[in-house]
Amino acid sequence: MKNHSTYIRTKITFILLLGLLCISESCKKYLDVTPENVGTIDYAFRNRNEAENYLFTCYNTLQGFSNVIYDPGFTTSAEIVYPNDLSERPINDIGFQLIRGTTQNISNPALNYWDGNNSGSSIFQAIRRCNIMLENIDKPIDLSAEEKARWIAEVKFLKGYYHYFLARMYGPIPVYRVNQSITAPIEEIRVKREPVDSAFNYAVQMMDEAAADLPVQIGNVQQELGRITRLIALSVKAEILATQASPLFNGNPDYAGFKNKDGQALFSATADASKWQRAAEACKAAIDEAASLNMKLYTFIQPANIPNLNDSLRKVLTIQNTVTEKWDFNAEVIWALNPTFGYQSYCIPRLTTKAVENSTAAAGSFTVPLFTTDLFYSDNGVPINEDKSWDYSRRFELQAGDNENRYFIKSGYMTVKNNFRREVRYYANIGFDGGVWFGNGVTDQNNPLYIEAKGPDSKAGPKDRVRINMLALWPKKLVNYLTVFNEGVQQAPYRLPRIRLADLYLLYAECLNEAGGPGQEAYQYIDLVRQRAGLKGVVESWQQHSAAPSKPATKAGLREIIHRERRIELCFEGKAGWDLRRWKEMLTVLAAPVQGWSIFQKTNTNFYTLQTLFIPAMTVRDYFWPLSDAALSNNPNLVQTLYW
């Protein structure tokens, strides 16, 4: 018989692995075969150990969200795109193809989290597990009162988060406060969608109830990292309320006619400004909780094996490691999921001759459209098309790397002016032709690796129709600088943050501006994030360098700035797909063609000729997911999502 410590460690290992292993159909079947009879439930809760097993099955669906290729927030933002004409398909790319307008349908919806089909897991099944846990938590007689309260709180958090996840995707959803009895009449079982505010309010209620009994911190990081804390619940509550207050859900005229069959309206007819104030208060509560735990924005700490590191590269590594640093060493990460980010090889170019010789190394096929790179500011901290001293009209002209920019661009290498005089987050996020790549086994600041992308004969250039970057722009931020792709692969694993402090700061600034317009407190929290990136405050930067110097002084102007700050700071982290939806800006952003460089061309001039990969095809109906024909057939009380 294992002792208690070993048993706990085994169970936590189960949490760590479940999200990775239980995506397969066989595991889903294993978890879904629980018969709904009293004998089986009694057995599952006959003692503390069995009940803990059931607790971890409640976590299972959550851990599966860590796989970014099944996350609409990651795949439908167009921050990263994926080719659709490869000779082999190493990953399931159905989520990436949604923005092309050819994948989504009502017969078999892609990323179907309602039914649990077509690369989506069944969220309603996860909610049912949570309800079963809450209904039976009193049965184990050897469960202490303290543990019981914590487990109930964890399950309430999970139940609330699952409802929130569905509401973001589908808008109005059924709310399962308790499980239905198997003996209930058919009309009771055939639930209907509830108004979207009901789903959000219920999710917030679950966060409030959970926060009261969740631990302030994880006491044993080795055994319990990944379990929910009070700060996580408070932060998710803030995100839920900000989402509820946003234009997609708050008095959206596009969905004013969305009603149940009985005439019940599913969206509010008018916007409620007080929702922003409620969200702001929730953000501040989470920020105060983080401050009480001494959390702060991450700063790279130079290790002993890198004796020389200039300020430019230190700033780059600060931004990069904000995401790729280990969770337990990063005082900024509020919440991450336990499975590690599994796609570093899709984000890194071939950087060495050994990588070129290794046909399986550095696929690098997650490509970044040029309009994503345009988000990033000039070195003056304002948009490049607003900066009075930045030559936007000549940005695609050629220029050789020079000594002043040698830590960002290879000296003497011919690239375009677009890559010069950009803020440090540009160099931390984007891998580009001629760009310095500190890491991949080389940490000599005076002789770092760099990207050579022109033509198929270059190191990073196209080699086949499997490992290819179609636009010659890479999401550098998603690669740990300690990861090496040469003749072999040595990955430095990390967990992609789900919420971090900078996210919370910018969310708070957004809520303050929406609730009351520009003010010093909103500026303060924006500036904290900008300062870490080496930029001056938002008001000072616009006054000194922008052609629109008064923009931060107006509510609409500051809104535009905050939205851009979030897209820059949280780029590639799976946030933009959800933000663009809740702001109702998705169609504007995805109206632009997906463009980059002509990768098969060898000469400087020909390579730096824009090529269009495709033009996104999204309409107003794509803000929410459709229900499948099967779901509507099985439950006639459900109504199809508007416009589908």
# chains A, B, ... in the order shown; residues from 1 in each chain; ligands from 1
>>> select_by_dssp(residues="range 570-601 of chain A", states="alpha helix (DSSP H)", output="list in words")
Ala576, Gly577, Trp578, Asp579, Leu580, Arg581, Arg582, Met586, Leu587, Thr588 and Val589 of chain A
>>> write_last_selection(atoms="all heavy atoms", output="mmCIF file, in the first residue's frame")
data_model
loop_
_atom_site.group_PDB
_atom_site.id
_atom_site.type_symbol
_atom_site.label_atom_id
_atom_site.label_comp_id
_atom_site.auth_asym_id
_atom_site.auth_seq_id
_atom_site.Cartn_x
_atom_site.Cartn_y
_atom_site.Cartn_z
ATOM 1 N N ALA A 576 -6.118 36.823 -28.637
ATOM 2 C CA ALA A 576 -6.655 37.717 -29.664
ATOM 3 C C ALA A 576 -7.921 37.173 -30.313
ATOM 4 O O ALA A 576 -8.837 37.936 -30.636
ATOM 5 C CB ALA A 576 -5.603 37.998 -30.727
ATOM 6 N N GLY A 577 -8.005 35.864 -30.518
ATOM 7 C CA GLY A 577 -9.191 35.305 -31.144
ATOM 8 C C GLY A 577 -10.450 35.595 -30.355
ATOM 9 O O GLY A 577 -11.520 35.846 -30.926
ATOM 10 N N TRP A 578 -10.334 35.574 -29.025
ATOM 11 C CA TRP A 578 -11.480 35.884 -28.172
ATOM 12 C C TRP A 578 -11.679 37.391 -28.053
ATOM 13 O O TRP A 578 -12.824 37.872 -28.063
ATOM 14 C CB TRP A 578 -11.291 35.270 -26.790
ATOM 15 C CG TRP A 578 -11.190 33.783 -26.798
ATOM 16 C CD1 TRP A 578 -10.134 33.017 -26.375
ATOM 17 C CD2 TRP A 578 -12.185 32.848 -27.254
ATOM 18 N NE1 TRP A 578 -10.404 31.679 -26.535
ATOM 19 C CE2 TRP A 578 -11.652 31.546 -27.079
ATOM 20 C CE3 TRP A 578 -13.461 32.988 -27.802
ATOM 21 C CZ2 TRP A 578 -12.373 30.395 -27.422
ATOM 22 C CZ3 TRP A 578 -14.171 31.841 -28.147
ATOM 23 C CH2 TRP A 578 -13.632 30.565 -27.957
ATOM 24 N N ASP A 579 -10.583 38.150 -27.915
ATOM 25 C CA ASP A 579 -10.707 39.608 -27.808
ATOM 26 C C ASP A 579 -11.357 40.211 -29.051
ATOM 27 O O ASP A 579 -12.255 41.056 -28.957
ATOM 28 C CB ASP A 579 -9.335 40.242 -27.585
ATOM 29 C CG ASP A 579 -8.899 40.233 -26.124
ATOM 30 O OD1 ASP A 579 -9.738 39.930 -25.248
ATOM 31 O OD2 ASP A 579 -7.720 40.531 -25.852
ATOM 32 N N LEU A 580 -10.890 39.814 -30.219
ATOM 33 C CA LEU A 580 -11.440 40.379 -31.453
ATOM 34 C C LEU A 580 -12.929 40.079 -31.584
ATOM 35 O O LEU A 580 -13.690 40.892 -32.127
ATOM 36 C CB LEU A 580 -10.683 39.836 -32.665
ATOM 37 C CG LEU A 580 -9.228 40.304 -32.808
ATOM 38 C CD1 LEU A 580 -8.542 39.562 -33.946
ATOM 39 C CD2 LEU A 580 -9.157 41.814 -33.040
ATOM 40 N N ARG A 581 -13.350 38.939 -31.071
ATOM 41 C CA ARG A 581 -14.771 38.615 -31.094
ATOM 42 C C ARG A 581 -15.545 39.514 -30.139
ATOM 43 O O ARG A 581 -16.536 40.131 -30.526
ATOM 44 C CB ARG A 581 -14.972 37.140 -30.723
ATOM 45 C CG ARG A 581 -14.722 36.181 -31.871
ATOM 46 C CD ARG A 581 -15.020 34.736 -31.464
ATOM 47 N NE ARG A 581 -15.158 33.902 -32.645
ATOM 48 C CZ ARG A 581 -14.152 33.407 -33.338
ATOM 49 N NH1 ARG A 581 -12.912 33.647 -32.937
ATOM 50 N NH2 ARG A 581 -14.364 32.663 -34.423
ATOM 51 N N ARG A 582 -15.106 39.564 -28.880
ATOM 52 C CA ARG A 582 -15.905 40.322 -27.909
ATOM 53 C C ARG A 582 -15.928 41.810 -28.243
ATOM 54 O O ARG A 582 -16.888 42.509 -27.929
ATOM 55 C CB ARG A 582 -15.404 40.071 -26.479
ATOM 56 C CG ARG A 582 -14.043 40.645 -26.123
ATOM 57 C CD ARG A 582 -13.680 40.300 -24.674
ATOM 58 N NE ARG A 582 -12.362 40.793 -24.317
ATOM 59 C CZ ARG A 582 -12.119 41.993 -23.820
ATOM 60 N NH1 ARG A 582 -13.117 42.843 -23.614
ATOM 61 N NH2 ARG A 582 -10.893 42.369 -23.508
ATOM 62 N N MET A 586 -13.434 41.397 -35.240
ATOM 63 C CA MET A 586 -12.891 40.276 -35.992
ATOM 64 C C MET A 586 -13.026 40.482 -37.497
ATOM 65 O O MET A 586 -12.092 40.238 -38.265
ATOM 66 C CB MET A 586 -13.580 38.979 -35.588
ATOM 67 C CG MET A 586 -13.052 37.735 -36.282
ATOM 68 S SD MET A 586 -13.901 36.228 -35.741
ATOM 69 C CE MET A 586 -15.517 36.468 -36.505
ATOM 70 N N LEU A 587 -14.181 40.952 -37.936
ATOM 71 C CA LEU A 587 -14.402 41.096 -39.375
ATOM 72 C C LEU A 587 -13.534 42.192 -39.969
ATOM 73 O O LEU A 587 -13.102 42.102 -41.122
ATOM 74 C CB LEU A 587 -15.877 41.381 -39.652
ATOM 75 C CG LEU A 587 -16.879 40.331 -39.161
ATOM 76 C CD1 LEU A 587 -18.278 40.657 -39.651
ATOM 77 C CD2 LEU A 587 -16.462 38.932 -39.598
ATOM 78 N N THR A 588 -13.247 43.231 -39.187
ATOM 79 C CA THR A 588 -12.377 44.309 -39.669
ATOM 80 C C THR A 588 -10.953 43.802 -39.841
ATOM 81 O O THR A 588 -10.316 44.025 -40.880
ATOM 82 C CB THR A 588 -12.395 45.491 -38.684
ATOM 83 O OG1 THR A 588 -13.737 45.956 -38.545
ATOM 84 C CG2 THR A 588 -11.515 46.620 -39.180
ATOM 85 N N VAL A 589 -10.444 43.110 -38.827
ATOM 86 C CA VAL A 589 -9.069 42.599 -38.884
ATOM 87 C C VAL A 589 -8.931 41.561 -39.989
ATOM 88 O O VAL A 589 -7.950 41.556 -40.745
ATOM 89 C CB VAL A 589 -8.663 42.003 -37.521
ATOM 90 C CG1 VAL A 589 -7.347 41.243 -37.626
ATOM 91 C CG2 VAL A 589 -8.560 43.112 -36.473
#
>>> closest_atom_pairs(of="range 569-593 of chain A", to="range 341-355 of chain A", cutoff="12 Å", atoms="only C-alpha atoms", output="CSV")
residue,atom,partner,partner_atom,distance
A:Phe572,CA,A:Cys347,CA,10.6
A:Glu573,CA,A:Phe341,CA,10.7
A:Gly574,CA,A:Phe341,CA,11.9
>>> closest_atom_pairs(of="range 145-252 of chain A", to="range 55-73 of chain A", cutoff="9 Å", atoms="only C-alpha atoms", output="CSV")
residue,atom,partner,partner_atom,distance
A:Trp151,CA,A:Leu55,CA,7.3
A:Glu154,CA,A:Leu55,CA,8.5
A:Val155,CA,A:Cys58,CA,7.0
A:Leu158,CA,A:Tyr59,CA,7.2
A:Lys159,CA,A:Cys58,CA,8.7
A:Tyr161,CA,A:Leu62,CA,8.7
A:Tyr162,CA,A:Leu62,CA,8.0
A:Met169,CA,A:Pro72,CA,8.6
A:Arg227,CA,A:Tyr59,CA,8.7
>>> atom_distance(atom1="CA of Ala472 in chain A", atom2="CA of Gly364 in chain A")
9.3 Å
>>> closest_residue(among="A:Ala460, A:Leu214, A:Met295, A:Cys511", to="Phe329 in chain A", atoms="only C-alpha atoms")
A:Met295
>>> select_by_dssp(residues="range 394-573 of chain A", states="strand (DSSP E)", output="list in words")
Leu398, Gln399, Ala400, Met414, Thr415, Val416, Ile430, Gly431, Phe432, Val436, Trp437, Leu449, Tyr450, Leu473, Trp474, Pro475, Val484, Phe485, Val489, Gln490, Pro497, Arg498, Ile499 and Arg500 of chain A
>>> residues_around(residues="Arg177 in chain A", least_positions_apart="5", cutoff="12 Å", atoms="only C-alpha atoms", output="list in words")
Phe124, Ile127, Arg128, Cys130, Asn131, Ile132, Leu134, Glu135, Lys156, Lys159, Gly160, His163, Ser198, Ala199, Asn201, Tyr202, Ala203, Gln205 and Met206 of chain A
>>> write_last_selection(atoms="N, CA, C and O atoms", output="PDB file, in the first residue's frame")
ATOM      1  N   PHE A 124     -20.466  19.769 -22.143  1.00  0.00           N
ATOM      2  CA  PHE A 124     -21.622  19.416 -21.328  1.00  0.00           C
ATOM      3  C   PHE A 124     -21.375  18.130 -20.543  1.00  0.00           C
ATOM      4  O   PHE A 124     -21.856  17.977 -19.419  1.00  0.00           O
ATOM      5  N   ILE A 127     -19.433  19.224 -17.569  1.00  0.00           N
ATOM      6  CA  ILE A 127     -20.307  19.849 -16.572  1.00  0.00           C
ATOM      7  C   ILE A 127     -21.075  18.779 -15.807  1.00  0.00           C
ATOM      8  O   ILE A 127     -21.243  18.865 -14.578  1.00  0.00           O
ATOM      9  N   ARG A 128     -21.513  17.751 -16.505  1.00  0.00           N
ATOM     10  CA  ARG A 128     -22.237  16.664 -15.835  1.00  0.00           C
ATOM     11  C   ARG A 128     -21.346  15.981 -14.794  1.00  0.00           C
ATOM     12  O   ARG A 128     -21.796  15.673 -13.689  1.00  0.00           O
ATOM     13  N   CYS A 130     -18.956  17.351 -13.132  1.00  0.00           N
ATOM     14  CA  CYS A 130     -18.856  18.269 -11.994  1.00  0.00           C
ATOM     15  C   CYS A 130     -20.098  18.172 -11.109  1.00  0.00           C
ATOM     16  O   CYS A 130     -19.992  18.155  -9.872  1.00  0.00           O
ATOM     17  N   ASN A 131     -21.273  18.096 -11.722  1.00  0.00           N
ATOM     18  CA  ASN A 131     -22.498  17.984 -10.933  1.00  0.00           C
ATOM     19  C   ASN A 131     -22.551  16.673 -10.161  1.00  0.00           C
ATOM     20  O   ASN A 131     -23.016  16.625  -9.017  1.00  0.00           O
ATOM     21  N   ILE A 132     -22.092  15.601 -10.787  1.00  0.00           N
ATOM     22  CA  ILE A 132     -22.042  14.309 -10.088  1.00  0.00           C
ATOM     23  C   ILE A 132     -21.132  14.405  -8.873  1.00  0.00           C
ATOM     24  O   ILE A 132     -21.454  13.903  -7.786  1.00  0.00           O
ATOM     25  N   LEU A 134     -20.402  17.085  -7.095  1.00  0.00           N
ATOM     26  CA  LEU A 134     -21.033  17.903  -6.058  1.00  0.00           C
ATOM     27  C   LEU A 134     -22.185  17.152  -5.382  1.00  0.00           C
ATOM     28  O   LEU A 134     -22.419  17.315  -4.171  1.00  0.00           O
ATOM     29  N   GLU A 135     -22.892  16.330  -6.134  1.00  0.00           N
ATOM     30  CA  GLU A 135     -24.011  15.578  -5.575  1.00  0.00           C
ATOM     31  C   GLU A 135     -23.567  14.477  -4.620  1.00  0.00           C
ATOM     32  O   GLU A 135     -24.337  14.065  -3.743  1.00  0.00           O
ATOM     33  N   LYS A 156     -16.650  23.720  -8.381  1.00  0.00           N
ATOM     34  CA  LYS A 156     -17.479  24.871  -8.740  1.00  0.00           C
ATOM     35  C   LYS A 156     -16.751  25.784  -9.724  1.00  0.00           C
ATOM     36  O   LYS A 156     -17.360  26.312 -10.669  1.00  0.00           O
ATOM     37  N   LYS A 159     -16.909  24.021 -13.082  1.00  0.00           N
ATOM     38  CA  LYS A 159     -18.262  24.090 -13.621  1.00  0.00           C
ATOM     39  C   LYS A 159     -18.553  25.484 -14.183  1.00  0.00           C
ATOM     40  O   LYS A 159     -19.106  25.634 -15.280  1.00  0.00           O
ATOM     41  N   GLY A 160     -18.142  26.520 -13.456  1.00  0.00           N
ATOM     42  CA  GLY A 160     -18.325  27.886 -13.939  1.00  0.00           C
ATOM     43  C   GLY A 160     -17.512  28.163 -15.184  1.00  0.00           C
ATOM     44  O   GLY A 160     -17.996  28.807 -16.132  1.00  0.00           O
ATOM     45  N   HIS A 163     -19.061  26.578 -18.323  1.00  0.00           N
ATOM     46  CA  HIS A 163     -20.186  27.362 -18.831  1.00  0.00           C
ATOM     47  C   HIS A 163     -19.690  28.616 -19.564  1.00  0.00           C
ATOM     48  O   HIS A 163     -20.230  28.996 -20.615  1.00  0.00           O
ATOM     49  N   SER A 198     -27.601  35.093 -18.457  1.00  0.00           N
ATOM     50  CA  SER A 198     -27.802  34.040 -17.456  1.00  0.00           C
ATOM     51  C   SER A 198     -26.572  33.147 -17.354  1.00  0.00           C
ATOM     52  O   SER A 198     -26.161  32.758 -16.251  1.00  0.00           O
ATOM     53  N   ALA A 199     -25.992  32.809 -18.502  1.00  0.00           N
ATOM     54  CA  ALA A 199     -24.793  31.966 -18.502  1.00  0.00           C
ATOM     55  C   ALA A 199     -23.628  32.679 -17.836  1.00  0.00           C
ATOM     56  O   ALA A 199     -22.910  32.098 -17.006  1.00  0.00           O
ATOM     57  N   ASN A 201     -23.756  35.226 -15.696  1.00  0.00           N
ATOM     58  CA  ASN A 201     -24.026  35.443 -14.277  1.00  0.00           C
ATOM     59  C   ASN A 201     -23.830  34.162 -13.470  1.00  0.00           C
ATOM     60  O   ASN A 201     -23.339  34.202 -12.333  1.00  0.00           O
ATOM     61  N   TYR A 202     -24.220  33.041 -14.051  1.00  0.00           N
ATOM     62  CA  TYR A 202     -24.028  31.780 -13.342  1.00  0.00           C
ATOM     63  C   TYR A 202     -22.540  31.450 -13.211  1.00  0.00           C
ATOM     64  O   TYR A 202     -22.090  30.998 -12.147  1.00  0.00           O
ATOM     65  N   ALA A 203     -21.768  31.692 -14.267  1.00  0.00           N
ATOM     66  CA  ALA A 203     -20.325  31.446 -14.200  1.00  0.00           C
ATOM     67  C   ALA A 203     -19.677  32.312 -13.126  1.00  0.00           C
ATOM     68  O   ALA A 203     -18.808  31.853 -12.371  1.00  0.00           O
ATOM     69  N   GLN A 205     -21.207  33.532 -10.469  1.00  0.00           N
ATOM     70  CA  GLN A 205     -21.649  32.992  -9.182  1.00  0.00           C
ATOM     71  C   GLN A 205     -20.759  31.831  -8.751  1.00  0.00           C
ATOM     72  O   GLN A 205     -20.366  31.736  -7.575  1.00  0.00           O
ATOM     73  N   MET A 206     -20.418  30.952  -9.688  1.00  0.00           N
ATOM     74  CA  MET A 206     -19.550  29.822  -9.367  1.00  0.00           C
ATOM     75  C   MET A 206     -18.154  30.293  -8.953  1.00  0.00           C
ATOM     76  O   MET A 206     -17.548  29.734  -8.041  1.00  0.00           O
TER      77      MET A 206
END
>>> closest_residue(among="A:Arg422, A:Arg530, A:Arg190, A:Arg46", to="Val639 in chain A", atoms="only C-alpha atoms")
A:Arg190
>>> closest_residue(among="A:Val216, A:Ile599, A:Tyr450, A:Thr483", to="Ile468 in chain A", atoms="only C-alpha atoms")
A:Ile599
>>> residues_around(residues="range 518-527 of chain A", least_positions_apart="6", cutoff="10 Å", atoms="only C-alpha atoms", output="ChimeraX atom specification")
/A:502,504-512,533,535-539,552-559,561-562,565-566
>>> write_last_selection(atoms="N, CA and C atoms", output="compact mmCIF listing (two decimals), in the first residue's frame")
# COMPACT_ATOMS: atom_id res chain seq x y z
N ALA A 502 0.21 41.02 -16.78
CA ALA A 502 0.08 42.07 -17.79
C ALA A 502 -1.30 42.02 -18.44
N LEU A 504 -4.04 41.09 -16.96
CA LEU A 504 -4.96 41.65 -15.97
C LEU A 504 -4.85 43.18 -15.91
N TYR A 505 -3.62 43.70 -16.00
CA TYR A 505 -3.42 45.15 -15.98
C TYR A 505 -4.13 45.82 -17.15
N LEU A 506 -3.95 45.25 -18.34
CA LEU A 506 -4.55 45.86 -19.53
C LEU A 506 -6.07 45.68 -19.54
N LEU A 507 -6.55 44.57 -19.00
CA LEU A 507 -7.99 44.37 -18.89
C LEU A 507 -8.60 45.40 -17.94
N TYR A 508 -7.90 45.68 -16.85
CA TYR A 508 -8.37 46.69 -15.90
C TYR A 508 -8.41 48.07 -16.55
N ALA A 509 -7.36 48.42 -17.27
CA ALA A 509 -7.33 49.71 -17.97
C ALA A 509 -8.49 49.82 -18.96
N GLU A 510 -8.77 48.73 -19.67
CA GLU A 510 -9.88 48.72 -20.63
C GLU A 510 -11.20 48.97 -19.92
N CYS A 511 -11.44 48.27 -18.81
CA CYS A 511 -12.70 48.41 -18.08
C CYS A 511 -12.85 49.82 -17.50
N LEU A 512 -11.75 50.38 -16.98
CA LEU A 512 -11.80 51.75 -16.46
C LEU A 512 -12.17 52.74 -17.55
N ALA A 533 8.49 46.99 -21.43
CA ALA A 533 8.94 46.85 -22.81
C ALA A 533 9.89 47.96 -23.24
N LEU A 535 9.28 51.29 -23.14
CA LEU A 535 8.59 52.41 -23.77
C LEU A 535 8.18 53.45 -22.74
N LYS A 536 8.05 54.68 -23.17
CA LYS A 536 7.55 55.74 -22.30
C LYS A 536 6.04 55.60 -22.16
N GLY A 537 5.49 56.40 -21.24
CA GLY A 537 4.06 56.34 -20.98
C GLY A 537 3.24 56.67 -22.20
N VAL A 538 1.98 56.23 -22.21
CA VAL A 538 1.13 56.36 -23.38
C VAL A 538 0.86 57.84 -23.71
N VAL A 539 0.59 58.65 -22.72
CA VAL A 539 0.30 60.06 -22.99
C VAL A 539 1.53 60.77 -23.54
N PRO A 552 -4.92 59.59 -26.73
CA PRO A 552 -5.16 59.00 -25.41
C PRO A 552 -6.13 59.78 -24.54
N ALA A 553 -6.47 60.99 -24.94
CA ALA A 553 -7.33 61.84 -24.11
C ALA A 553 -8.82 61.60 -24.36
N THR A 554 -9.15 60.84 -25.39
CA THR A 554 -10.55 60.55 -25.69
C THR A 554 -10.85 59.09 -25.39
N LYS A 555 -12.09 58.81 -25.07
CA LYS A 555 -12.49 57.44 -24.76
C LYS A 555 -12.28 56.52 -25.95
N ALA A 556 -12.70 56.97 -27.13
CA ALA A 556 -12.54 56.15 -28.33
C ALA A 556 -11.07 55.98 -28.68
N GLY A 557 -10.29 57.05 -28.53
CA GLY A 557 -8.86 56.96 -28.83
C GLY A 557 -8.13 56.03 -27.88
N LEU A 558 -8.42 56.14 -26.58
CA LEU A 558 -7.76 55.26 -25.62
C LEU A 558 -8.22 53.83 -25.79
N ARG A 559 -9.49 53.64 -26.18
CA ARG A 559 -9.96 52.28 -26.48
C ARG A 559 -9.11 51.65 -27.57
N ILE A 561 -6.09 52.38 -28.42
CA ILE A 561 -4.75 52.14 -27.90
C ILE A 561 -4.72 50.88 -27.03
N ILE A 562 -5.69 50.75 -26.13
CA ILE A 562 -5.72 49.60 -25.24
C ILE A 562 -5.90 48.30 -26.02
N GLU A 565 -2.62 47.55 -27.49
CA GLU A 565 -1.67 47.11 -26.46
C GLU A 565 -1.91 45.65 -26.10
N ARG A 566 -3.17 45.27 -25.96
CA ARG A 566 -3.46 43.86 -25.64
C ARG A 566 -3.01 42.94 -26.77
>>> closest_residue(among="A:Phe432, A:Trp114, A:Tyr643, A:Phe438", to="Ile451 in chain A", atoms="only C-alpha atoms")
A:Phe432
>>> atom_distance(atom1="CA of Gly596 in chain A", atom2="CA of Ile80 in chain A")
12.0 Å
>>> residues_around(residues="Gln277 in chain A", least_positions_apart="5", cutoff="9 Å", atoms="only C-alpha atoms", output="PyMOL selection string")
chain A and resi 245+282+511-512+514-516
>>> atom_distance(atom1="CA of Asp142 in chain A", atom2="CA of Phe157 in chain A")
23.5 Å
